[in-house]
Amino acid sequence: CGLEDDDVADVVTAVCKSDAVQVVDLSGNRLTDAACQKLCVGLAGGAAAQLQTIQLAGNDGITDAGRNMFTGLKMMRAKNGFDVTFDS
């Protein structure tokens, strides 16, 4: 979809308004570590309780730092089976 870091705030807002979203596929965009930070901060409060997977494959701007940001979020949401994938 050509999403960039600034677009992630809108994605987080939309996902947090719904209790039905289970998967968010952001694969193949132009996201970086800044987007990872926005996602983690936006979801850390427990919003979108049904969310189980965020797919981020094909975002070449995400480094190990961005991947590591999800460690805490995954631990916080572990009881729901939450995961983040970076590979297709």
# chains A, B, ... in the order shown; residues from 1 in each chain; ligands from 1
>>> residues_around(residues="range 64-74 of chain A", least_positions_apart="3", cutoff="6 Å", atoms="only C-alpha atoms", output="VMD selection string")
chain A and resid 33 36 77 to 78 82
>>> select_by_dssp(residues="chain A", states="strand (DSSP E)", output="number ranges by chain")
A: 23-25, 53-55, 83-85
>>> atom_distance(atom1="CA of Ser18 in chain A", atom2="CA of Leu31 in chain A")
22.7 Å
>>> atom_distance(atom1="CA of Asp6 in chain A", atom2="CA of Thr32 in chain A")
10.3 Å
>>> closest_residue(among="A:Asp25, A:Met75, A:Asp83, A:Leu43", to="Ala57 in chain A", atoms="only C-alpha atoms")
A:Asp25
>>> atom_distance(atom1="CA of Gly46 in chain A", atom2="CA of Ser27 in chain A")
22.7 Å
>>> closest_residue(among="A:Val24, A:Gly81, A:Asp87, A:Ala47", to="Asp60 in chain A", atoms="only C-alpha atoms")
A:Asp87
>>> closest_residue(among="A:Val84, A:Ala14, A:Met76, A:Leu39", to="Ile54 in chain A", atoms="only C-alpha atoms")
A:Val84
>>> decode(residues="range 31-43 of chain A", atoms="all heavy atoms", output="tab-separated table (two decimals), in the first residue's frame")
chain	number	residue	atom	x	y	z
A	31	LEU	N	8.08	0.94	5.97
A	31	LEU	CA	8.13	1.23	7.40
A	31	LEU	C	9.55	1.06	7.95
A	31	LEU	O	10.34	0.27	7.43
A	31	LEU	CB	7.16	0.31	8.14
A	31	LEU	CG	5.71	0.38	7.67
A	31	LEU	CD1	4.85	-0.59	8.46
A	31	LEU	CD2	5.16	1.79	7.75
A	32	THR	N	9.83	1.81	9.00
A	32	THR	CA	11.13	1.76	9.66
A	32	THR	C	10.94	1.50	11.15
A	32	THR	O	9.82	1.26	11.61
A	32	THR	CB	11.89	3.10	9.48
A	32	THR	OG1	11.23	4.11	10.25
A	32	THR	CG2	11.97	3.51	8.01
A	33	ASP	N	12.01	1.62	11.89
A	33	ASP	CA	11.96	1.44	13.34
A	33	ASP	C	11.00	2.43	13.99
A	33	ASP	O	10.40	2.13	15.02
A	33	ASP	CB	13.36	1.59	13.94
A	33	ASP	CG	14.31	0.51	13.48
A	33	ASP	OD1	13.85	-0.54	12.98
A	33	ASP	OD2	15.53	0.71	13.63
A	34	ALA	N	10.85	3.61	13.41
A	34	ALA	CA	9.92	4.61	13.96
A	34	ALA	C	8.49	4.07	13.95
A	34	ALA	O	7.71	4.31	14.88
A	34	ALA	CB	10.02	5.91	13.17
A	35	ALA	N	8.13	3.33	12.92
A	35	ALA	CA	6.80	2.73	12.86
A	35	ALA	C	6.65	1.66	13.93
A	35	ALA	O	5.59	1.54	14.55
A	35	ALA	CB	6.55	2.13	11.48
A	36	CYS	N	7.70	0.90	14.18
A	36	CYS	CA	7.66	-0.12	15.23
A	36	CYS	C	7.39	0.53	16.58
A	36	CYS	O	6.58	0.03	17.37
A	36	CYS	CB	8.98	-0.88	15.28
A	36	CYS	SG	9.31	-1.87	13.81
A	37	GLN	N	8.04	1.64	16.83
A	37	GLN	CA	7.84	2.35	18.08
A	37	GLN	C	6.40	2.82	18.21
A	37	GLN	O	5.77	2.65	19.26
A	37	GLN	CB	8.79	3.54	18.19
A	37	GLN	CG	8.66	4.27	19.51
A	37	GLN	CD	9.62	5.43	19.62
A	37	GLN	OE1	10.14	5.93	18.62
A	37	GLN	NE2	9.88	5.85	20.84
A	38	LYS	N	5.84	3.38	17.16
A	38	LYS	CA	4.45	3.84	17.20
A	38	LYS	C	3.48	2.69	17.44
A	38	LYS	O	2.51	2.82	18.19
A	38	LYS	CB	4.10	4.56	15.90
A	38	LYS	CG	4.76	5.89	15.74
A	38	LYS	CD	4.44	6.53	14.41
A	38	LYS	CE	5.24	7.81	14.22
A	38	LYS	NZ	4.96	8.44	12.94
A	39	LEU	N	3.73	1.56	16.79
A	39	LEU	CA	2.87	0.39	16.99
A	39	LEU	C	2.94	-0.10	18.43
A	39	LEU	O	1.92	-0.37	19.06
A	39	LEU	CB	3.27	-0.73	16.04
A	39	LEU	CG	2.88	-0.54	14.58
A	39	LEU	CD1	3.65	-1.51	13.69
A	39	LEU	CD2	1.38	-0.76	14.42
A	40	CYS	N	4.15	-0.21	18.96
A	40	CYS	CA	4.31	-0.72	20.32
A	40	CYS	C	3.68	0.21	21.35
A	40	CYS	O	2.97	-0.25	22.25
A	40	CYS	CB	5.79	-0.93	20.63
A	40	CYS	SG	6.50	-2.34	19.77
A	41	VAL	N	3.92	1.49	21.22
A	41	VAL	CA	3.34	2.45	22.15
A	41	VAL	C	1.81	2.45	22.04
A	41	VAL	O	1.11	2.45	23.05
A	41	VAL	CB	3.91	3.86	21.91
A	41	VAL	CG1	3.13	4.92	22.67
A	41	VAL	CG2	5.38	3.91	22.30
A	42	GLY	N	1.30	2.41	20.84
A	42	GLY	CA	-0.13	2.44	20.63
A	42	GLY	C	-0.86	1.22	21.14
A	42	GLY	O	-2.02	1.29	21.54
A	43	LEU	N	-0.19	0.08	21.15
A	43	LEU	CA	-0.84	-1.17	21.56
A	43	LEU	C	-0.46	-1.61	22.97
A	43	LEU	O	-1.02	-2.57	23.49
A	43	LEU	CB	-0.48	-2.28	20.57
A	43	LEU	CG	-1.00	-2.05	19.16
A	43	LEU	CD1	-0.41	-3.09	18.21
A	43	LEU	CD2	-2.52	-2.10	19.13
